[in-house]
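Shown next: start21.txt, containing compact mmCIF, C-alpha atoms and all ligand atoms.
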```txt
# COMPACT_ATOMS: atom_id res chain seq x y z
CA MET A 1 -6.27 4.87 -11.99
CA ILE A 2 -5.64 1.14 -12.30
CA ARG A 3 -2.33 0.55 -14.06
CA SER A 4 -0.56 -2.49 -15.50
CA ALA A 5 2.81 -3.78 -14.32
CA ILE A 6 5.03 -6.76 -14.93
CA THR A 7 7.75 -8.43 -12.88
CA VAL A 8 11.45 -8.81 -13.58
CA SER A 9 13.73 -10.95 -11.41
CA LEU A 10 17.41 -10.13 -11.07
CA VAL A 11 17.87 -12.87 -8.45
CA GLU A 12 19.65 -15.89 -9.90
CA GLU A 13 18.81 -18.00 -6.81
CA ALA A 14 15.11 -17.49 -7.55
CA ARG A 15 15.33 -18.94 -11.07
CA GLY A 16 12.30 -21.09 -11.71
CA GLY A 17 10.19 -18.65 -9.66
CA PRO A 18 7.07 -16.73 -10.74
CA PHE A 19 8.60 -13.73 -12.47
CA VAL A 20 7.99 -12.91 -16.11
CA PHE A 21 11.28 -11.35 -17.17
CA TRP A 22 14.71 -12.73 -16.30
CA ASP A 23 17.17 -11.06 -18.67
CA GLY A 24 18.02 -7.83 -16.93
CA LEU A 25 16.40 -4.45 -16.44
CA ALA A 26 17.11 -3.02 -19.89
CA ASP A 27 15.45 -6.01 -21.57
CA ALA A 28 12.47 -5.89 -19.19
CA PHE A 29 11.92 -2.16 -19.69
CA GLU A 30 12.17 -2.39 -23.46
CA ARG A 31 9.73 -5.30 -23.73
CA SER A 32 7.30 -3.85 -21.17
CA ALA A 33 7.17 -0.51 -22.95
CA GLY A 34 6.81 -2.26 -26.30
CA LEU A 35 3.70 -4.06 -25.07
CA GLY A 36 2.17 -0.97 -23.46
CA PHE A 37 2.67 -1.74 -19.77
CA ASP A 38 2.67 1.16 -17.32
CA ALA A 39 5.29 -0.12 -14.91
CA VAL A 40 7.84 -2.76 -13.95
CA GLU A 41 8.04 -4.50 -10.55
CA ILE A 42 11.63 -5.34 -9.60
CA PHE A 43 12.79 -8.37 -7.64
CA ALA A 44 16.43 -7.56 -6.89
CA PRO A 45 19.12 -9.35 -4.87
CA GLY A 46 19.68 -6.25 -2.76
CA PRO A 47 19.68 -2.45 -2.73
CA ASP A 48 22.99 -2.19 -4.59
CA ALA A 49 22.13 -4.55 -7.44
CA VAL A 50 20.68 -1.74 -9.53
CA ASN A 51 22.43 1.49 -10.40
CA PRO A 52 19.87 4.25 -9.59
CA ASP A 53 21.10 6.40 -12.48
CA GLU A 54 20.65 3.54 -14.91
CA LEU A 55 17.17 2.87 -13.54
CA LYS A 56 16.29 6.55 -13.80
CA SER A 57 17.35 6.67 -17.43
CA LEU A 58 15.38 3.49 -18.27
CA ILE A 59 12.32 5.03 -16.61
CA GLU A 60 12.70 8.20 -18.66
CA GLN A 61 13.62 6.48 -21.91
CA HIS A 62 10.58 4.17 -21.81
CA SER A 63 8.11 6.36 -19.87
CA LEU A 64 7.55 3.57 -17.34
CA SER A 65 7.22 3.61 -13.54
CA VAL A 66 8.52 1.21 -10.93
CA ALA A 67 5.41 -0.41 -9.44
CA ALA A 68 7.08 -2.00 -6.40
CA VAL A 69 10.25 -3.70 -5.23
CA GLY A 70 10.35 -7.18 -3.69
CA THR A 71 12.32 -7.91 -0.52
CA GLY A 72 12.27 -11.72 -0.76
CA ALA A 73 16.00 -11.85 -1.52
CA GLY A 74 16.53 -11.20 2.18
CA MET A 75 15.11 -14.67 2.75
CA VAL A 76 16.27 -16.39 -0.45
CA LYS A 77 19.87 -15.14 -0.32
CA HIS A 78 20.47 -14.42 3.37
CA GLY A 79 17.95 -16.61 5.23
CA LEU A 80 16.47 -13.56 7.01
CA SER A 81 12.94 -13.15 8.31
CA LEU A 82 11.13 -10.52 10.33
CA THR A 83 9.85 -13.20 12.75
CA ASP A 84 13.12 -15.04 13.35
CA PRO A 85 13.35 -16.07 17.04
CA ASP A 86 16.89 -14.62 17.05
CA ALA A 87 16.79 -10.86 17.76
CA GLY A 88 20.00 -10.26 15.81
CA LYS A 89 18.59 -11.90 12.70
CA ARG A 90 15.32 -10.00 13.05
CA SER A 91 17.27 -6.80 13.23
CA ALA A 92 19.28 -7.76 10.12
CA ALA A 93 15.98 -8.55 8.37
CA ARG A 94 14.58 -5.12 9.24
CA ASP A 95 17.80 -3.48 8.03
CA PHE A 96 17.54 -5.37 4.75
CA VAL A 97 13.93 -4.24 4.26
CA LYS A 98 14.90 -0.65 5.12
CA SER A 99 17.64 -0.77 2.50
CA MET A 100 15.08 -1.94 -0.07
CA ILE A 101 12.66 0.81 1.00
CA ASP A 102 15.50 3.29 0.44
CA PHE A 103 16.14 1.77 -2.99
CA GLY A 104 12.53 1.86 -4.21
CA GLY A 105 11.34 4.94 -2.31
CA PRO A 106 12.99 7.60 -4.48
CA PHE A 107 11.26 6.00 -7.50
CA GLY A 108 7.89 6.07 -5.74
CA ALA A 109 7.95 2.28 -5.44
CA PRO A 110 6.81 0.61 -2.21
CA ALA A 111 8.64 -2.43 -0.84
CA ILE A 112 6.77 -5.73 -0.54
CA ILE A 113 6.98 -7.99 2.52
CA GLY A 114 6.20 -11.47 1.24
CA SER A 115 8.43 -14.35 2.26
CA MET A 116 10.31 -12.03 4.65
CA GLN A 117 7.36 -12.35 7.06
CA GLY A 118 8.56 -15.87 7.95
CA LYS A 119 6.59 -18.52 9.82
CA TRP A 120 5.75 -19.58 13.35
CA GLY A 121 6.79 -22.95 14.80
CA GLY A 122 9.17 -24.65 17.24
CA ASP A 123 9.45 -22.47 20.34
CA LEU A 124 7.76 -19.55 18.58
CA SER A 125 3.95 -19.54 18.93
CA ARG A 126 1.70 -18.08 16.26
CA ASP A 127 0.73 -15.19 18.54
CA ALA A 128 4.37 -14.45 19.34
CA ALA A 129 5.28 -14.49 15.62
CA LEU A 130 2.40 -12.13 14.79
CA GLU A 131 3.59 -9.85 17.59
CA LEU A 132 7.13 -9.81 16.14
CA LEU A 133 5.73 -9.13 12.69
CA ALA A 134 3.63 -6.26 14.07
CA GLU A 135 6.72 -4.77 15.73
CA ALA A 136 8.53 -4.90 12.39
CA LEU A 137 5.64 -3.43 10.40
CA ASN A 138 5.18 -0.67 12.99
CA GLU A 139 8.81 0.29 12.45
CA LEU A 140 8.99 -0.20 8.68
CA GLY A 141 5.63 1.42 7.80
CA PRO A 142 6.64 4.81 9.23
CA TYR A 143 10.15 4.32 7.77
CA ALA A 144 8.60 4.13 4.27
CA GLU A 145 6.61 7.31 4.91
CA LYS A 146 9.71 9.46 4.59
CA HIS A 147 9.76 8.56 0.88
CA GLY A 148 6.01 9.14 0.60
CA VAL A 149 5.39 5.47 -0.15
CA CYS A 150 3.55 2.80 1.80
CA LEU A 151 4.82 -0.62 2.83
CA ILE A 152 3.09 -3.61 1.28
CA TYR A 153 2.33 -6.74 3.30
CA GLU A 154 1.37 -9.89 1.41
CA PRO A 155 -0.72 -12.73 2.85
CA LEU A 156 0.53 -15.96 1.26
CA ASN A 157 -0.99 -19.39 0.74
CA ARG A 158 -0.67 -22.21 3.30
CA TYR A 159 2.32 -23.78 1.56
CA GLU A 160 4.39 -20.60 1.96
CA THR A 161 3.33 -19.23 5.34
CA ASN A 162 1.37 -20.27 8.43
CA LEU A 163 0.76 -16.67 9.51
CA LEU A 164 -1.92 -14.75 7.58
CA LYS A 165 -3.43 -16.34 4.49
CA THR A 166 -6.55 -14.39 3.56
CA VAL A 167 -7.38 -10.80 2.75
CA ALA A 168 -9.91 -10.67 5.61
CA ASP A 169 -7.29 -11.82 8.13
CA GLY A 170 -4.87 -9.30 6.65
CA VAL A 171 -7.41 -6.48 7.06
CA GLU A 172 -8.09 -7.39 10.70
CA TYR A 173 -4.35 -7.57 11.36
CA LEU A 174 -3.63 -4.17 9.77
CA LYS A 175 -6.31 -2.68 12.06
CA THR A 176 -4.27 -3.80 15.08
CA LEU A 177 -1.12 -1.96 13.93
CA ASP A 178 -0.09 1.49 15.19
CA THR A 179 0.89 2.54 11.67
CA GLN A 180 -1.60 3.20 8.89
CA ASN A 181 1.11 3.15 6.25
CA VAL A 182 0.99 -0.59 5.61
CA LYS A 183 -1.28 -1.87 2.84
CA LEU A 184 -2.11 -5.39 1.70
CA LEU A 185 -0.98 -7.17 -1.40
CA ALA A 186 -3.79 -9.24 -2.92
CA ASP A 187 -2.05 -11.96 -4.93
CA LEU A 188 -4.69 -13.72 -7.02
CA PHE A 189 -2.66 -16.95 -7.05
CA HIS A 190 -2.50 -17.19 -3.25
CA MET A 191 -6.14 -16.09 -3.04
CA ASN A 192 -7.23 -18.80 -5.46
CA ILE A 193 -5.95 -21.33 -2.89
CA GLU A 194 -7.16 -19.65 0.30
CA GLU A 195 -10.27 -17.57 -0.42
CA ALA A 196 -13.81 -18.93 -0.69
CA ASN A 197 -14.59 -16.19 -3.22
CA LEU A 198 -11.95 -13.92 -4.73
CA ALA A 199 -14.33 -11.07 -5.64
CA ASP A 200 -15.79 -11.00 -2.11
CA ALA A 201 -12.28 -10.96 -0.67
CA ILE A 202 -11.37 -7.97 -2.83
CA ARG A 203 -14.48 -6.17 -1.57
CA ILE A 204 -13.52 -6.94 2.04
CA GLY A 205 -10.08 -5.51 1.29
CA ALA A 206 -11.42 -2.25 -0.17
CA GLY A 207 -9.30 0.62 1.11
CA TYR A 208 -6.68 -1.75 2.54
CA ILE A 209 -5.29 -3.24 -0.68
CA GLY A 210 -2.27 -1.34 -2.02
CA HIS A 211 -1.00 -3.75 -4.67
CA ILE A 212 -2.32 -6.69 -6.68
CA HIS A 213 -0.42 -9.61 -8.19
CA PHE A 214 -2.31 -10.25 -11.40
CA VAL A 215 -1.92 -13.88 -12.32
CA ASP A 216 -3.92 -16.97 -13.15
CA SER A 217 -5.00 -19.90 -10.96
CA ASN A 218 -1.93 -21.98 -11.88
CA ARG A 219 0.46 -19.05 -11.46
CA GLN A 220 0.81 -18.70 -15.19
CA ALA A 221 -0.02 -15.47 -16.99
CA THR A 222 -3.63 -14.28 -16.99
CA GLY A 223 -5.66 -16.26 -19.51
CA LEU A 224 -3.54 -19.41 -19.17
CA GLY A 225 -5.42 -20.89 -16.20
CA HIS A 226 -9.04 -21.10 -15.08
CA MET A 227 -9.44 -17.84 -13.14
CA ASP A 228 -12.73 -16.04 -13.83
CA TYR A 229 -11.64 -12.42 -14.24
CA ALA A 230 -15.10 -10.93 -14.85
CA PRO A 231 -16.25 -10.89 -11.19
CA ILE A 232 -12.72 -10.20 -9.93
CA SER A 233 -12.21 -7.18 -12.19
CA ALA A 234 -15.69 -5.89 -11.31
CA ALA A 235 -14.83 -6.10 -7.60
CA ILE A 236 -11.46 -4.40 -8.13
CA LYS A 237 -13.14 -1.51 -9.95
CA GLU A 238 -16.04 -1.26 -7.46
CA SER A 239 -13.60 -1.20 -4.56
CA GLY A 240 -12.06 2.03 -5.86
CA TYR A 241 -8.63 0.40 -6.16
CA ASP A 242 -6.20 2.70 -7.94
CA GLY A 243 -2.90 0.84 -7.82
CA PHE A 244 -1.07 -1.62 -10.06
CA LEU A 245 -2.12 -4.99 -11.39
CA SER A 246 1.29 -6.58 -11.58
CA ALA A 247 2.02 -9.82 -13.40
CA GLU A 248 3.83 -12.11 -10.98
CA ALA A 249 3.66 -15.22 -13.14
CA PHE A 250 5.85 -17.98 -14.51
CA PRO A 251 7.43 -17.27 -17.89
CA ILE A 252 5.41 -20.07 -19.47
CA PRO A 253 5.63 -20.89 -22.32
CA ASP A 254 8.12 -17.99 -22.45
CA SER A 255 8.47 -14.46 -21.08
CA GLN A 256 7.16 -12.71 -24.17
CA THR A 257 4.02 -14.84 -24.43
CA ALA A 258 3.34 -14.47 -20.69
CA ALA A 259 3.68 -10.70 -21.03
CA GLU A 260 1.42 -10.59 -24.10
CA LYS A 261 -1.28 -12.68 -22.39
CA THR A 262 -1.15 -10.40 -19.35
CA ILE A 263 -1.57 -7.15 -21.25
CA GLU A 264 -4.33 -8.70 -23.36
CA THR A 265 -6.32 -9.61 -20.24
CA PHE A 266 -5.56 -6.26 -18.62
CA LYS A 267 -6.82 -4.35 -21.66
CA HIS A 268 -9.91 -6.55 -21.95
CA PHE A 269 -11.03 -5.92 -18.38
CA PHE A 270 -9.49 -2.58 -17.39
CA SER A 271 -9.13 -0.33 -20.44
C1 LIG A 301 5.55 -15.35 -2.99
O1 LIG A 301 4.79 -16.47 -3.24
C2 LIG A 301 4.92 -14.17 -3.57
O2 LIG A 301 3.78 -14.15 -3.95
C3 LIG A 301 5.75 -12.97 -3.64
O3 LIG A 301 5.02 -11.90 -4.09
C4 LIG A 301 6.35 -12.76 -2.28
O4 LIG A 301 7.40 -11.93 -2.27
MN MN A 302 2.85 -12.41 -4.85
```

Here is the file; what I need is its structure written in the form of structure tokens.
Amino acid sequence: MIRSAITVSLVEEARGGPFVFWDGLADAFERSAGLGFDAVEIFAPGPDAVNPDELKSLIEQHSLSVAAVGTGAGMVKHGLSLTDPDAGKRSAARDFVKSMIDFGGPFGAPAIIGSMQGKWGGDLSRDAALELLAEALNELGPYAEKHGVCLIYEPLNRYETNLLKTVADGVEYLKTLDTQNVKLLADLFHMNIEEANLADAIRIGAGYIGHIHFVDSNRQATGLGHMDYAPISAAIKESGYDGFLSAEAFPIPDSQTAAEKTIETFKHFFS
């Protein structure tokens, strides 16, 4: 079943970033439940930022799930990346991701590798960086399996990565991995920059896409840009996707309006 989700950031350093809620978990859960969302996606500074008992009680109180947990704080707060030329830093990056897998796993929430994938450049060739990333994913994918969750890898647009930028490239890359427990994140904002046709890209990703960032062309909430959701939603449904459509969008004009616009679009195309 396709379910709705919405992001909350607990990372002060990321303020100004594309997350809908910013005022803590309790606020995010209450507003999300009030609007009829199915789940919350959490961007946290680290594995200890959230008390698991508190999260458990919010989940129960509001009948919500945790859709996914972001790992970008490893980069934003600690400057870590899985393709750092320095082996010690790569190892610290993998440890950070593991700690986030251990945080989200018990709640059934996969961890997302977005900015933690890093970039190639300097002495590090593109092939070498992709090899380092594959080593990391081959370790972290099976690591996530012990919680019964997958690991999510997100192709990004050209301004945020020079590694993999399209769904098709992501699919081909996943096929080269030893693990089958890594799925792609199709972020409609990144795709709007990189894909020739978003619906075709979704079809190419059928069976490989494990999470979707549901957002408009300008990274505002759905309905506030010029994305054409009719062909995109048709492709998502045709592809048999049964994960979350998660609003990773700027809180413009404010969090509540962004959340309302998202659930309105979700209901229009997916209910
Ligand atoms: C970054 O642009 C992004 O889309 C996030 O989901 C990555 O963690
Ligand atoms: Mn994203």

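Of the listed residues (A:Leu133, A:Ala186, A:Ala87, A:Leu58), A:Ala186 comes nearest to ligand LIG 301 (chain A); the distances count only C-alpha atoms and all ligand atoms.
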
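Straight-line separation from atom CA of Ala26 of chain A to atom CA of Asp53 of chain A: 12.6 Å.
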
*Which residues, written as number ranges by chain, have at least one atom at most 8 Å from segment 61-70 of chain A, with all atoms listed in the file counted and residues fewer than 6 positions away on the same chain left out?*
A: 5, 29-30, 33, 37-44, 100, 104, 107-114, 244, 246

Would you mind exporting the chosen residues as a PDB file, in the coordinates of the input, restricted to C-alpha atoms?
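Saved file out-v8.pdb follows:
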```pdb
ATOM      1  CA  ALA A   5       2.810  -3.780 -14.320  1.00  0.00           C
ATOM      2  CA  PHE A  29      11.920  -2.160 -19.690  1.00  0.00           C
ATOM      3  CA  GLU A  30      12.170  -2.390 -23.460  1.00  0.00           C
ATOM      4  CA  ALA A  33       7.170  -0.510 -22.950  1.00  0.00           C
ATOM      5  CA  PHE A  37       2.670  -1.740 -19.770  1.00  0.00           C
ATOM      6  CA  ASP A  38       2.670   1.160 -17.320  1.00  0.00           C
ATOM      7  CA  ALA A  39       5.290  -0.120 -14.910  1.00  0.00           C
ATOM      8  CA  VAL A  40       7.840  -2.760 -13.950  1.00  0.00           C
ATOM      9  CA  GLU A  41       8.040  -4.500 -10.550  1.00  0.00           C
ATOM     10  CA  ILE A  42      11.630  -5.340  -9.600  1.00  0.00           C
ATOM     11  CA  PHE A  43      12.790  -8.370  -7.640  1.00  0.00           C
ATOM     12  CA  ALA A  44      16.430  -7.560  -6.890  1.00  0.00           C
ATOM     13  CA  MET A 100      15.080  -1.940  -0.070  1.00  0.00           C
ATOM     14  CA  GLY A 104      12.530   1.860  -4.210  1.00  0.00           C
ATOM     15  CA  PHE A 107      11.260   6.000  -7.500  1.00  0.00           C
ATOM     16  CA  GLY A 108       7.890   6.070  -5.740  1.00  0.00           C
ATOM     17  CA  ALA A 109       7.950   2.280  -5.440  1.00  0.00           C
ATOM     18  CA  PRO A 110       6.810   0.610  -2.210  1.00  0.00           C
ATOM     19  CA  ALA A 111       8.640  -2.430  -0.840  1.00  0.00           C
ATOM     20  CA  ILE A 112       6.770  -5.730  -0.540  1.00  0.00           C
ATOM     21  CA  ILE A 113       6.980  -7.990   2.520  1.00  0.00           C
ATOM     22  CA  GLY A 114       6.200 -11.470   1.240  1.00  0.00           C
ATOM     23  CA  PHE A 244      -1.070  -1.620 -10.060  1.00  0.00           C
ATOM     24  CA  SER A 246       1.290  -6.580 -11.580  1.00  0.00           C
TER      25      SER A 246
END
```

*Near-ligand residues for ligand LIG 301 (chain A), threshold 8 Å, all atoms listed in the file, as a ChimeraX atom specification*: /A:18,70-72,112-116,154,156-157,160,187,189-190,213,248

_Restricting the calculation to only C-alpha atoms and all ligand atoms: of A:Trp120, A:Phe21, A:Phe214, A:Tyr159, which residue gets closest to ligand MN 302 (chain A)?_
A:Phe214

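Proximity of A:Leu185, A:Val50, A:Cys150, A:Leu124 to ligand MN 302 (chain A), computed with all atoms listed in the file, is greatest for A:Leu185.
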
*asked:* Can you tell me which residues surround Glu145 of chain A at a distance of at most 9 Å, considering all atoms listed in the file, apart from same-chain residues fewer than 5 positions away, and format the answer as a ChimeraX atom specification?
replied: /A:105,140,150-151,181

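If you measure from each of A:Arg219, A:Lys56, A:Lys267, A:Lys119 to ligand MN 302 (chain A) using all atoms listed in the file, the closest one turns out to be A:Arg219.
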
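Computed from the coordinates, the atom CA of Asp84 of chain A to atom CA of Arg15 of chain A distance equals 24.8 Å.
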
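Taking atom CA of Ala144 of chain A and atom CA of Pro45 of chain A as the two end points, the separation is 19.4 Å.
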
*Pick the closest to ligand MN 302 (chain A) from A:Pro155, A:Gly240, A:Gly16, A:Gly141: which is it, counting all atoms listed in the file?*
A:Pro155

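Distances to Arg158 of chain A were evaluated for A:Met227, A:Met191, A:Ile236, A:Ile204 using all atoms listed in the file, and the minimum falls at A:Met191.
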
_Within 12 Å of Asp228 of chain A using all atoms listed in the file, minus same-chain residues under 5 positions, as a ChimeraX atom specification_ = /A:188,192,197-199,215-217,222-223,233-235,265,269

_Residues near Glu135 of chain A, anyone? I mean within 12 Å using all atoms listed in the file, not counting same-chain ones fewer than 4 positions away, as a count of residues only._
20
